[in-house]
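Asks: Contents of upload20.cif (mmCIF, C-alpha atoms):
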```cif
data_run
loop_
_atom_site.label_atom_id
_atom_site.label_comp_id
_atom_site.auth_asym_id
_atom_site.auth_seq_id
_atom_site.Cartn_x
_atom_site.Cartn_y
_atom_site.Cartn_z
CA MET A 1 113.88 -139.90 -8.37
CA SER A 2 116.74 -138.90 -10.61
CA GLU A 3 115.05 -135.79 -11.91
CA HIS A 4 116.01 -132.85 -9.73
CA ILE A 5 113.75 -129.86 -9.58
CA LEU A 6 116.08 -126.95 -9.01
CA SER A 7 114.89 -123.91 -7.09
CA SER A 8 113.89 -120.94 -9.22
CA LYS A 9 116.40 -118.85 -7.22
CA MET A 10 119.18 -120.91 -8.77
CA TYR A 11 117.93 -120.15 -12.29
CA TYR A 12 117.67 -116.42 -11.55
CA GLY A 13 121.20 -116.51 -10.11
CA ILE A 14 122.60 -118.10 -13.28
CA TRP A 15 120.65 -115.58 -15.37
CA ILE A 16 122.15 -112.64 -13.45
CA ALA A 17 125.65 -114.13 -13.83
CA LEU A 18 125.12 -114.47 -17.61
CA MET A 19 123.88 -110.87 -17.86
CA ILE A 20 126.87 -109.53 -15.90
CA LEU A 21 129.32 -111.54 -18.03
CA THR A 22 127.69 -110.16 -21.21
CA VAL A 23 128.08 -106.56 -20.05
CA VAL A 24 131.65 -107.24 -18.85
CA THR A 25 132.72 -108.78 -22.17
CA ALA A 26 131.25 -105.82 -24.12
CA ALA A 27 133.01 -103.32 -21.82
CA VAL A 28 136.38 -105.13 -21.78
CA SER A 29 136.43 -105.28 -25.60
CA THR A 30 136.79 -101.47 -25.72
CA ILE A 31 139.95 -101.55 -23.56
CA ASP A 32 143.27 -102.26 -25.28
CA LEU A 33 144.70 -105.47 -23.82
CA GLY A 34 146.77 -106.38 -26.87
CA PRO A 35 146.39 -110.05 -27.81
CA PHE A 36 144.55 -110.71 -24.54
CA ASN A 37 141.35 -109.07 -25.82
CA THR A 38 140.57 -112.24 -27.77
CA VAL A 39 141.64 -114.49 -24.90
CA VAL A 40 139.40 -112.67 -22.40
CA ALA A 41 136.45 -112.63 -24.85
CA LEU A 42 136.72 -116.39 -25.44
CA LEU A 43 137.19 -117.17 -21.73
CA ILE A 44 134.06 -115.19 -20.85
CA ALA A 45 132.10 -116.84 -23.70
CA SER A 46 133.21 -120.29 -22.52
CA SER A 47 132.24 -119.50 -18.92
CA LYS A 48 128.79 -118.45 -20.11
CA ALA A 49 128.46 -121.61 -22.24
CA LEU A 50 129.53 -123.72 -19.24
CA LEU A 51 126.90 -122.08 -16.99
CA VAL A 52 124.18 -122.75 -19.58
CA ILE A 53 125.26 -126.40 -20.09
CA LEU A 54 125.67 -127.27 -16.41
CA PHE A 55 122.60 -125.54 -14.97
CA PHE A 56 120.07 -124.63 -17.68
CA MET A 57 120.68 -127.93 -19.50
CA HIS A 58 120.85 -129.85 -16.18
CA VAL A 59 124.10 -131.64 -17.04
CA LYS A 60 125.45 -131.06 -13.52
CA TYR A 61 122.50 -133.03 -12.13
CA THR A 62 122.13 -135.83 -14.66
CA SER A 63 122.93 -139.33 -13.48
CA GLU A 64 123.43 -140.51 -17.06
CA LYS A 65 127.18 -140.84 -17.68
CA LEU A 66 126.61 -141.42 -21.41
CA THR A 67 125.28 -137.87 -21.78
CA LYS A 68 128.46 -136.43 -20.30
CA MET A 69 130.52 -138.68 -22.56
CA VAL A 70 128.67 -137.44 -25.66
CA ILE A 71 129.27 -133.80 -24.66
CA ILE A 72 132.97 -134.25 -23.90
CA SER A 73 133.51 -136.29 -27.08
CA SER A 74 131.79 -133.70 -29.27
CA ILE A 75 133.98 -130.93 -27.84
CA PHE A 76 136.98 -133.17 -28.44
CA TRP A 77 135.95 -133.73 -32.09
CA LEU A 78 135.52 -130.00 -32.54
CA LEU A 79 139.04 -129.43 -31.19
CA ILE A 80 140.41 -132.06 -33.62
CA LEU A 81 138.69 -130.18 -36.47
CA LEU A 82 140.09 -126.80 -35.40
CA PHE A 83 143.61 -127.83 -34.37
CA LEU A 84 144.40 -130.14 -37.29
CA SER A 85 143.06 -127.59 -39.81
CA LEU A 86 145.08 -124.82 -38.19
CA SER A 87 148.25 -126.90 -38.04
CA ASP A 88 147.87 -127.30 -41.81
CA TYR A 89 147.08 -123.67 -42.70
CA SER A 90 149.56 -122.13 -40.29
CA THR A 91 152.51 -124.15 -41.64
CA ARG A 92 151.82 -124.00 -45.40
CA HIS A 93 154.10 -121.03 -46.02
CA LEU A 94 157.06 -122.87 -44.48
CA GLY A 95 157.67 -124.95 -47.64
CA HIS A 96 157.83 -121.81 -49.80
CA ALA A 97 160.18 -119.81 -47.63
CA MET B 1 104.57 -173.57 -14.55
CA SER B 2 100.89 -172.85 -14.70
CA ASP B 3 100.81 -171.23 -11.29
CA SER B 4 103.73 -168.85 -11.94
CA PRO B 5 102.73 -165.30 -11.04
CA VAL B 6 101.69 -163.03 -13.85
CA VAL B 7 103.25 -159.59 -13.55
CA VAL B 8 100.83 -156.88 -14.47
CA GLU B 9 102.68 -153.64 -15.03
CA GLN B 10 101.05 -150.50 -13.76
CA HIS B 11 102.02 -147.43 -15.70
CA GLY B 12 100.52 -144.62 -17.71
CA PRO B 13 100.05 -144.71 -21.48
CA GLU B 14 103.07 -142.40 -21.94
CA LEU B 15 105.52 -145.23 -21.14
CA ARG B 16 106.34 -147.10 -24.37
CA HIS B 17 106.44 -150.88 -23.96
CA HIS B 18 110.09 -151.22 -24.98
CA PHE B 19 111.24 -149.20 -21.96
CA VAL B 20 111.38 -150.66 -18.48
CA THR B 21 110.81 -147.44 -16.57
CA ALA B 22 109.75 -143.87 -17.34
CA GLU B 23 113.17 -142.75 -16.17
CA GLN B 24 114.90 -144.97 -18.71
CA GLN B 25 112.62 -143.63 -21.42
CA ARG B 26 113.41 -140.05 -20.46
CA GLU B 27 117.15 -140.65 -20.37
CA ALA B 28 117.07 -142.34 -23.77
CA SER B 29 115.31 -139.31 -25.27
CA SER B 30 117.73 -136.92 -23.64
CA LEU B 31 120.75 -138.92 -24.85
CA GLY B 32 119.33 -138.94 -28.38
CA MET B 33 118.98 -135.14 -28.29
CA TRP B 34 122.56 -134.75 -27.06
CA LEU B 35 123.76 -136.94 -29.94
CA PHE B 36 121.87 -134.67 -32.35
CA LEU B 37 123.46 -131.63 -30.70
CA ALA B 38 126.89 -133.26 -31.16
CA THR B 39 126.23 -133.35 -34.92
CA GLU B 40 125.12 -129.71 -34.71
CA ILE B 41 128.41 -128.79 -33.02
CA MET B 42 130.25 -130.29 -35.99
CA PHE B 43 127.84 -128.56 -38.41
CA PHE B 44 128.58 -125.12 -36.93
CA GLY B 45 132.18 -126.25 -36.29
CA GLY B 46 132.96 -126.22 -40.02
CA MET B 47 131.98 -122.56 -40.14
CA PHE B 48 133.92 -121.71 -37.00
CA CYS B 49 136.94 -123.41 -38.58
CA ALA B 50 136.61 -121.38 -41.81
CA TYR B 51 136.23 -118.26 -39.66
CA LEU B 52 139.39 -119.06 -37.70
CA VAL B 53 141.53 -119.70 -40.79
CA TYR B 54 140.41 -116.49 -42.57
CA ARG B 55 140.57 -114.37 -39.43
CA LEU B 56 144.21 -115.36 -38.91
CA ASN B 57 145.00 -114.51 -42.55
CA TYR B 58 142.95 -111.31 -42.95
CA PHE B 59 142.82 -109.88 -39.44
CA ASN B 60 142.64 -106.23 -40.59
CA GLU B 61 139.54 -106.79 -42.70
CA PHE B 62 137.91 -108.81 -39.91
CA ALA B 63 138.68 -106.04 -37.41
CA ALA B 64 137.22 -103.33 -39.68
CA GLY B 65 134.15 -105.43 -40.50
CA SER B 66 133.59 -106.17 -36.82
CA ARG B 67 133.76 -102.43 -36.00
CA SER B 68 131.08 -101.73 -38.61
CA LEU B 69 128.57 -103.99 -36.81
CA SER B 70 126.32 -102.40 -34.19
CA LEU B 71 127.69 -103.15 -30.71
CA LYS B 72 124.39 -101.91 -29.28
CA TRP B 73 122.17 -104.33 -31.24
CA GLY B 74 124.61 -107.22 -30.84
CA THR B 75 124.69 -106.82 -27.06
CA ILE B 76 120.92 -106.33 -26.81
CA ASN B 77 120.38 -109.51 -28.84
CA THR B 78 122.74 -111.43 -26.55
CA ILE B 79 120.69 -110.24 -23.57
CA VAL B 80 117.43 -111.16 -25.34
CA LEU B 81 118.68 -114.72 -25.91
CA ILE B 82 119.90 -115.08 -22.33
CA CYS B 83 116.46 -113.98 -21.11
CA SER B 84 114.84 -116.52 -23.45
CA SER B 85 117.07 -119.26 -22.02
CA LEU B 86 115.89 -118.28 -18.53
CA THR B 87 112.23 -118.53 -19.54
CA VAL B 88 112.93 -121.95 -21.11
CA ALA B 89 114.71 -123.20 -17.97
CA LEU B 90 111.86 -121.93 -15.77
CA GLY B 91 109.41 -123.50 -18.25
CA VAL B 92 110.99 -126.93 -17.86
CA ARG B 93 110.74 -126.43 -14.08
CA ALA B 94 107.05 -125.49 -14.40
CA ALA B 95 106.48 -128.67 -16.43
CA GLN B 96 108.27 -130.76 -13.79
CA MET B 97 105.93 -129.34 -11.16
CA GLY B 98 102.83 -129.66 -13.35
CA LYS B 99 102.04 -125.93 -13.41
CA ARG B 100 100.25 -125.78 -16.75
CA LYS B 101 99.40 -122.07 -16.86
CA LEU B 102 102.89 -120.98 -15.83
CA LEU B 103 104.38 -123.32 -18.43
CA VAL B 104 102.24 -121.84 -21.23
CA ILE B 105 103.12 -118.27 -20.17
CA LEU B 106 106.86 -119.05 -20.07
CA LEU B 107 106.76 -120.78 -23.46
CA LEU B 108 104.91 -117.79 -24.96
CA LEU B 109 107.51 -115.44 -23.46
CA THR B 110 110.23 -117.56 -25.06
CA ILE B 111 108.52 -117.22 -28.46
CA VAL B 112 108.28 -113.44 -27.96
CA PHE B 113 112.01 -113.28 -27.14
CA GLY B 114 112.70 -115.44 -30.21
CA PHE B 115 110.81 -113.02 -32.48
CA ALA B 116 112.52 -110.05 -30.81
CA PHE B 117 115.91 -111.60 -31.59
CA LEU B 118 114.95 -112.24 -35.23
CA GLY B 119 113.51 -108.73 -35.57
CA ILE B 120 116.71 -107.12 -34.29
CA LYS B 121 118.74 -109.40 -36.56
CA GLY B 122 116.57 -108.18 -39.44
CA ILE B 123 117.28 -104.54 -38.55
CA GLU B 124 121.02 -105.27 -38.52
CA TRP B 125 120.90 -107.10 -41.87
CA TYR B 126 118.91 -104.24 -43.40
CA ASP B 127 121.56 -101.75 -42.20
CA LYS B 128 124.23 -103.89 -43.86
CA TYR B 129 122.13 -103.94 -47.04
CA LYS B 130 121.92 -100.13 -47.03
CA GLU B 131 125.70 -99.90 -46.47
CA HIS B 132 126.39 -102.20 -49.45
CA HIS B 133 128.07 -104.67 -47.10
CA ILE B 134 126.29 -107.72 -48.49
CA PRO B 135 128.86 -109.76 -50.49
CA GLY B 136 128.21 -109.78 -54.22
CA ALA B 137 128.22 -107.47 -57.24
CA SER B 138 127.16 -104.37 -55.30
CA PHE B 139 129.55 -104.92 -52.39
CA ASN B 140 131.44 -101.78 -51.46
CA ALA B 141 133.63 -101.24 -48.41
CA ASP B 142 134.86 -97.75 -49.34
CA ASP B 143 133.16 -96.43 -46.21
CA LEU B 144 135.31 -98.69 -44.04
CA VAL B 145 138.47 -97.61 -45.89
CA HIS B 146 137.41 -94.01 -45.21
CA ASP B 147 136.36 -94.57 -41.57
CA TYR B 148 139.45 -96.54 -40.54
CA PRO B 149 142.44 -95.03 -42.38
CA GLN B 150 144.72 -96.70 -39.79
CA ILE B 151 143.67 -100.16 -41.03
CA HIS B 152 144.77 -101.42 -44.44
CA ILE B 153 141.68 -102.96 -46.03
CA ASP B 154 141.50 -105.22 -49.09
CA GLN B 155 137.95 -105.16 -50.48
CA ALA B 156 138.02 -108.81 -51.59
CA HIS B 157 139.14 -109.94 -48.13
CA GLU B 158 136.50 -107.70 -46.55
CA GLN B 159 133.88 -109.66 -48.52
CA ILE B 160 135.13 -112.84 -46.88
CA TYR B 161 134.41 -111.39 -43.44
CA PHE B 162 130.90 -110.40 -44.45
CA SER B 163 130.30 -113.73 -46.22
CA LEU B 164 131.13 -115.50 -42.97
CA TYR B 165 129.07 -112.97 -40.99
CA PHE B 166 125.97 -113.63 -43.09
CA ALA B 167 126.54 -117.38 -43.30
CA MET B 168 127.03 -117.80 -39.56
CA THR B 169 124.30 -115.42 -38.36
CA GLY B 170 122.05 -116.76 -41.14
CA LEU B 171 122.48 -120.39 -40.09
CA HIS B 172 121.95 -119.34 -36.49
CA ALA B 173 118.80 -117.39 -37.43
CA LEU B 174 117.51 -120.45 -39.31
CA HIS B 175 117.94 -122.44 -36.09
CA MET B 176 116.05 -119.70 -34.22
CA ILE B 177 113.17 -119.87 -36.73
CA ILE B 178 113.00 -123.67 -36.33
CA GLY B 179 113.19 -123.21 -32.54
CA VAL B 180 110.28 -120.77 -32.54
CA GLY B 181 108.30 -123.27 -34.65
CA ILE B 182 109.03 -126.08 -32.17
CA PHE B 183 107.99 -123.86 -29.27
CA VAL B 184 104.69 -122.97 -30.97
CA PHE B 185 103.88 -126.71 -31.01
CA LEU B 186 105.06 -127.14 -27.41
CA THR B 187 102.89 -124.20 -26.30
CA TYR B 188 99.83 -125.66 -28.04
CA TYR B 189 100.24 -129.10 -26.44
CA SER B 190 101.06 -127.57 -23.05
CA TRP B 191 97.87 -125.55 -23.25
CA LYS B 192 96.00 -128.80 -24.09
CA GLY B 193 97.48 -130.27 -20.89
CA LEU B 194 99.53 -133.02 -22.56
CA TYR B 195 102.52 -132.55 -20.25
CA THR B 196 102.51 -133.74 -16.66
CA PRO B 197 105.16 -134.13 -13.95
CA GLU B 198 105.40 -137.78 -15.12
CA TYR B 199 105.73 -136.98 -18.80
CA HIS B 200 107.15 -133.74 -20.17
CA THR B 201 110.08 -135.03 -22.24
CA PRO B 202 109.25 -132.86 -25.30
CA ILE B 203 109.57 -129.71 -23.14
CA GLU B 204 112.94 -130.90 -21.85
CA ILE B 205 114.23 -131.87 -25.31
CA GLY B 206 112.96 -128.66 -26.90
CA GLY B 207 114.64 -126.76 -24.07
CA LEU B 208 117.98 -128.48 -24.78
CA TYR B 209 117.71 -127.37 -28.42
CA TRP B 210 116.92 -123.78 -27.43
CA HIS B 211 119.82 -123.60 -24.97
CA PHE B 212 122.16 -125.02 -27.63
CA VAL B 213 121.18 -122.28 -30.10
CA ASP B 214 121.78 -119.77 -27.31
CA ILE B 215 125.30 -121.18 -26.75
CA ILE B 216 126.11 -120.80 -30.46
CA TRP B 217 125.17 -117.13 -30.19
CA ILE B 218 127.25 -116.77 -27.00
CA TYR B 219 130.27 -117.60 -29.19
CA LEU B 220 129.14 -115.72 -32.32
CA TYR B 221 128.76 -112.48 -30.35
CA PRO B 222 132.45 -112.05 -29.34
CA LEU B 223 133.76 -113.64 -32.55
CA LEU B 224 131.80 -111.37 -34.90
CA TYR B 225 131.12 -108.18 -32.91
CA LEU B 226 134.04 -107.87 -30.49
CA ILE B 227 137.06 -108.69 -32.69
CA ASP B 228 138.66 -105.28 -32.33
CA ARG B 229 136.80 -102.58 -30.43
CA LYS B 230 139.70 -100.86 -28.72
CA PRO B 231 140.34 -97.18 -29.57
CA LEU B 232 142.38 -96.82 -32.75
CA GLY B 233 145.76 -95.21 -32.11
#
```
Please express what this file holds, its structure, as structure tokens.
Replies:
Amino acid sequence: MSEHILSSKMYYGIWIALMILTVVTAAVSTIDLGPFNTVVALLIASSKALLVILFFMHVKYTSEKLTKMVIISSIFWLLILLFLSLSDYSTRHLGHA
Amino acid sequence: MSDSPVVVEQHGPELRHHFVTAEQQREASSLGMWLFLATEIMFFGGMFCAYLVYRLNYFNEFAAGSRSLSLKWGTINTIVLICSSLTVALGVRAAQMGKRKLLVILLLLTIVFGFAFLGIKGIEWYDKYKEHHIPGASFNADDLVHDYPQIHIDQAHEQIYFSLYFAMTGLHALHMIIGVGIFVFLTYYSWKGLYTPEYHTPIEIGGLYWHFVDIIWIYLYPLLYLIDRKPLG
């Protein structure tokens, strides 16, 4: 039996964690942390996404390695898209200095 | 050869003949959904990339535009979606345990949360319409220039923020509408008793889609609403 049935307590726990993180990120955004406002907001968003993927989407409990490979590869492709585009746009002015 | 044993497979009609076991069939479906979600990540990724490039270039306009969105509605909608993800997760669990009534109730709750999200989104869009913040001929950000004298605002660049706001929340809302449609079908078939502990793949796959749309919003919320909320000096 590869299909785990998680206890409903676990789901409620994740739900409470997601709610707390949402309130925290809204509250922290009103405090001046300089450039760290964005960093904190993205870290909290990524923690929430990770909780949803691992527990609500059952990735923590899947025995299928291919699924994990697809997820990690798609995040990797996304990073290629973002980083290569940014390395272009953020260096364009250098030639015209 | 004539006396070789004939293997008669015993399984329910839900197992397609090209799969060896129900587990293999389930994992194949799940993998297929994850591959689809990978294409969705790249689909939304293009918009996130455009957002990133313009935000770095026109941070002032993005900050002012972000301030003009309703923090209250944005946060409430985030909470609504998180609650809907909980009902979906509990729904998948109900399907695994064969609790038909509970499954139908949880799926209906998910649909209600979905409509609540879209309704609130509609209120927010209507507010933007009244404020002339929809990009186009009647776009006007004079109110932002007036409200935030500390921030230098270029009207053309402000339109870029709102173009991305409407494109990203619009594409997300389209996914929500499709999600609600899928869940209406799932609710109907659950009510008919199609899903059992042995076979409930559509519930699982539909759940993956719903959670994915939730994750997109988890990122849209800080990127659109929380860019710059600190007190202006």
Asks: Can you turn the PyMOL selection byres ((chain A) within 6 of (chain B)) into a concrete residue list for this file, as an mmCIF file with C-alpha atoms, in the frame of the given file?
Replies:
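selection01.cif, freshly written:
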```
data_model
loop_
_atom_site.group_PDB
_atom_site.id
_atom_site.type_symbol
_atom_site.label_atom_id
_atom_site.label_comp_id
_atom_site.auth_asym_id
_atom_site.auth_seq_id
_atom_site.Cartn_x
_atom_site.Cartn_y
_atom_site.Cartn_z
ATOM 1 C CA SER A 29 136.430 -105.280 -25.600
ATOM 2 C CA THR A 30 136.790 -101.470 -25.720
ATOM 3 C CA ILE A 31 139.950 -101.550 -23.560
ATOM 4 C CA ASP A 32 143.270 -102.260 -25.280
ATOM 5 C CA ALA A 45 132.100 -116.840 -23.700
ATOM 6 C CA ALA A 49 128.460 -121.610 -22.240
ATOM 7 C CA PHE A 56 120.070 -124.630 -17.680
ATOM 8 C CA MET A 57 120.680 -127.930 -19.500
ATOM 9 C CA THR A 67 125.280 -137.870 -21.780
ATOM 10 C CA SER A 74 131.790 -133.700 -29.270
ATOM 11 C CA LEU A 82 140.090 -126.800 -35.400
#
```
Asks: May I ask for the distance between atom CA of Leu171 of chain B and atom CA of Gly114 of chain B, given in Å to one decimal place?
Replies: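 That distance, rounded to one decimal, is 14.8 Å.
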Asks: Can you work out the spacing between atom CA of Gly181 of chain B and atom CA of His17 of chain B in Å, to one decimal?
Replies: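 Between these atoms lies a distance of 29.7 Å.
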Asks: Suppose you want the space between atom CA of Gly119 of chain B and atom CA of Leu174 of chain B; what is it in Å?
Replies: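 Atom CA of Leu174 of chain B lies 12.9 Å from atom CA of Gly119 of chain B.
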Asks: Using all atoms listed in the file, pick whichever of B:Arg100, B:Gly12, B:Ala167, B:Arg55 has the shortest atom-to-atom distance to Leu194 of chain B.
Replies: B:Arg100
Asks: Could you tell me which residues the PyMOL selection byres ((chain B and resi 140-150) around 10) returns for this structure, as an mmCIF file with C-alpha atoms, keeping the file's coordinate frame?
Replies:
```cif
data_model
loop_
_atom_site.group_PDB
_atom_site.id
_atom_site.type_symbol
_atom_site.label_atom_id
_atom_site.label_comp_id
_atom_site.auth_asym_id
_atom_site.auth_seq_id
_atom_site.Cartn_x
_atom_site.Cartn_y
_atom_site.Cartn_z
ATOM 1 C CA ASN B 60 142.640 -106.230 -40.590
ATOM 2 C CA GLU B 61 139.540 -106.790 -42.700
ATOM 3 C CA ALA B 64 137.220 -103.330 -39.680
ATOM 4 C CA GLY B 65 134.150 -105.430 -40.500
ATOM 5 C CA ARG B 67 133.760 -102.430 -36.000
ATOM 6 C CA SER B 68 131.080 -101.730 -38.610
ATOM 7 C CA GLU B 131 125.700 -99.900 -46.470
ATOM 8 C CA HIS B 132 126.390 -102.200 -49.450
ATOM 9 C CA HIS B 133 128.070 -104.670 -47.100
ATOM 10 C CA ILE B 134 126.290 -107.720 -48.490
ATOM 11 C CA PRO B 135 128.860 -109.760 -50.490
ATOM 12 C CA GLY B 136 128.210 -109.780 -54.220
ATOM 13 C CA ALA B 137 128.220 -107.470 -57.240
ATOM 14 C CA SER B 138 127.160 -104.370 -55.300
ATOM 15 C CA PHE B 139 129.550 -104.920 -52.390
ATOM 16 C CA ILE B 151 143.670 -100.160 -41.030
ATOM 17 C CA HIS B 152 144.770 -101.420 -44.440
ATOM 18 C CA ILE B 153 141.680 -102.960 -46.030
ATOM 19 C CA ASP B 154 141.500 -105.220 -49.090
ATOM 20 C CA GLN B 155 137.950 -105.160 -50.480
ATOM 21 C CA ALA B 156 138.020 -108.810 -51.590
ATOM 22 C CA GLU B 158 136.500 -107.700 -46.550
ATOM 23 C CA GLN B 159 133.880 -109.660 -48.520
ATOM 24 C CA LEU B 232 142.380 -96.820 -32.750
ATOM 25 C CA GLY B 233 145.760 -95.210 -32.110
#
```
Asks: Which polymer residues, whether protein, DNA or RNA, lie within 12 Å of the coordinate (119.8, -122.1, -9.5) when you count all atoms listed in the file? List them as a list in words, using the chain letters and numbers from the file.
Replies: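 Those residues, ordered by chain and then number, are His4, Ile5, Leu6, Ser7, Ser8, Lys9, Met10, Tyr11, Tyr12, Gly13, Ile14, Trp15, Ile16, Ala17, Leu51, Val52, Leu54, Phe55, Phe56, Met57, His58, Lys60 and Tyr61 of chain A; Leu86, Ala89, Leu90 and Arg93 of chain B.
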Asks: Let me know the residues the PyMOL selection byres ((chain B and resi 184) around 12) catches in the file above, as an NGL selection string.
Replies: :B and (104-112 or 114-115 or 177-183 or 185-191 or 203 or 206)
Asks: For Lys68 of chain A, which of A:Gly95, A:Thr38, A:Ile53, A:Ser87 is the closest residue, counting all atoms listed in the file?
Replies: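 Comparing A:Gly95, A:Thr38, A:Ile53, A:Ser87 against Lys68 of chain A, the winner is A:Ile53.
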Asks: Under the rule that only C-alpha atoms are counted, which of B:Leu103, B:Val20, B:Leu81, B:Met47 is the nearest residue to Leu81 of chain A?
Replies: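 Selected residue with least distance to Leu81 of chain A: B:Met47.
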Asks: Name the closest residue to His172 of chain B among the candidates B:Tyr126, B:Thr196, B:Thr201, B:Lys121; distances are taken between atoms, counting all atoms listed in the file.
Replies: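 The shortest atom-to-atom distance to His172 of chain B comes from B:Lys121.
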Asks: Could you add N, CA and C atoms to segment 28-48 of chain A and give me the result as a PDB file, in the frame of the given file?
Replies:
```pdb
ATOM      1  N   VAL A  28     134.946-104.806 -21.696  1.00  0.00           N
ATOM      2  CA  VAL A  28     136.380-105.130 -21.780  1.00  0.00           C
ATOM      3  C   VAL A  28     136.872-105.022 -23.222  1.00  0.00           C
ATOM      4  N   SER A  29     135.990-105.303 -24.204  1.00  0.00           N
ATOM      5  CA  SER A  29     136.430-105.280 -25.600  1.00  0.00           C
ATOM      6  C   SER A  29     136.875-103.889 -26.038  1.00  0.00           C
ATOM      7  N   THR A  30     136.424-102.833 -25.323  1.00  0.00           N
ATOM      8  CA  THR A  30     136.790-101.470 -25.720  1.00  0.00           C
ATOM      9  C   THR A  30     138.107-101.017 -25.065  1.00  0.00           C
ATOM     10  N   ILE A  31     138.676-101.873 -24.194  1.00  0.00           N
ATOM     11  CA  ILE A  31     139.950-101.550 -23.560  1.00  0.00           C
ATOM     12  C   ILE A  31     141.063-102.288 -24.300  1.00  0.00           C
ATOM     13  N   ASP A  32     142.185-101.625 -24.528  1.00  0.00           N
ATOM     14  CA  ASP A  32     143.270-102.260 -25.280  1.00  0.00           C
ATOM     15  C   ASP A  32     144.091-103.183 -24.376  1.00  0.00           C
ATOM     16  N   LEU A  33     143.939-104.487 -24.590  1.00  0.00           N
ATOM     17  CA  LEU A  33     144.700-105.470 -23.820  1.00  0.00           C
ATOM     18  C   LEU A  33     145.688-106.212 -24.721  1.00  0.00           C
ATOM     19  N   GLY A  34     145.897-105.695 -25.930  1.00  0.00           N
ATOM     20  CA  GLY A  34     146.770-106.380 -26.870  1.00  0.00           C
ATOM     21  C   GLY A  34     146.139-107.702 -27.284  1.00  0.00           C
ATOM     22  N   PRO A  35     146.938-108.752 -27.372  1.00  0.00           N
ATOM     23  CA  PRO A  35     146.390-110.050 -27.810  1.00  0.00           C
ATOM     24  C   PRO A  35     145.431-110.656 -26.792  1.00  0.00           C
ATOM     25  N   PHE A  36     145.393-110.101 -25.569  1.00  0.00           N
ATOM     26  CA  PHE A  36     144.550-110.710 -24.540  1.00  0.00           C
ATOM     27  C   PHE A  36     143.077-110.339 -24.689  1.00  0.00           C
ATOM     28  N   ASN A  37     142.753-109.378 -25.566  1.00  0.00           N
ATOM     29  CA  ASN A  37     141.350-109.070 -25.820  1.00  0.00           C
ATOM     30  C   ASN A  37     140.594-110.313 -26.272  1.00  0.00           C
ATOM     31  N   THR A  38     141.205-111.025 -27.233  1.00  0.00           N
ATOM     32  CA  THR A  38     140.570-112.240 -27.770  1.00  0.00           C
ATOM     33  C   THR A  38     140.504-113.319 -26.696  1.00  0.00           C
ATOM     34  N   VAL A  39     141.596-113.456 -25.938  1.00  0.00           N
ATOM     35  CA  VAL A  39     141.640-114.490 -24.900  1.00  0.00           C
ATOM     36  C   VAL A  39     140.532-114.264 -23.872  1.00  0.00           C
ATOM     37  N   VAL A  40     140.416-112.993 -23.402  1.00  0.00           N
ATOM     38  CA  VAL A  40     139.400-112.670 -22.400  1.00  0.00           C
ATOM     39  C   VAL A  40     138.006-112.906 -22.972  1.00  0.00           C
ATOM     40  N   ALA A  41     137.775-112.465 -24.228  1.00  0.00           N
ATOM     41  CA  ALA A  41     136.450-112.630 -24.850  1.00  0.00           C
ATOM     42  C   ALA A  41     136.068-114.101 -24.920  1.00  0.00           C
ATOM     43  N   LEU A  42     137.034-114.961 -25.307  1.00  0.00           N
ATOM     44  CA  LEU A  42     136.720-116.390 -25.440  1.00  0.00           C
ATOM     45  C   LEU A  42     136.552-117.055 -24.078  1.00  0.00           C
ATOM     46  N   LEU A  43     137.345-116.607 -23.077  1.00  0.00           N
ATOM     47  CA  LEU A  43     137.190-117.170 -21.730  1.00  0.00           C
ATOM     48  C   LEU A  43     135.814-116.842 -21.170  1.00  0.00           C
ATOM     49  N   ILE A  44     135.381-115.587 -21.363  1.00  0.00           N
ATOM     50  CA  ILE A  44     134.060-115.190 -20.850  1.00  0.00           C
ATOM     51  C   ILE A  44     132.968-115.962 -21.598  1.00  0.00           C
ATOM     52  N   ALA A  45     133.102-116.089 -22.933  1.00  0.00           N
ATOM     53  CA  ALA A  45     132.100-116.840 -23.700  1.00  0.00           C
ATOM     54  C   ALA A  45     132.023-118.282 -23.222  1.00  0.00           C
ATOM     55  N   SER A  46     133.191-118.896 -22.959  1.00  0.00           N
ATOM     56  CA  SER A  46     133.210-120.290 -22.520  1.00  0.00           C
ATOM     57  C   SER A  46     132.616-120.435 -21.119  1.00  0.00           C
ATOM     58  N   SER A  47     132.851-119.442 -20.252  1.00  0.00           N
ATOM     59  CA  SER A  47     132.240-119.500 -18.920  1.00  0.00           C
ATOM     60  C   SER A  47     130.726-119.440 -19.031  1.00  0.00           C
ATOM     61  N   LYS A  48     130.238-118.560 -19.924  1.00  0.00           N
ATOM     62  CA  LYS A  48     128.790-118.450 -20.110  1.00  0.00           C
ATOM     63  C   LYS A  48     128.225-119.763 -20.654  1.00  0.00           C
TER      64      LYS A  48
END
```
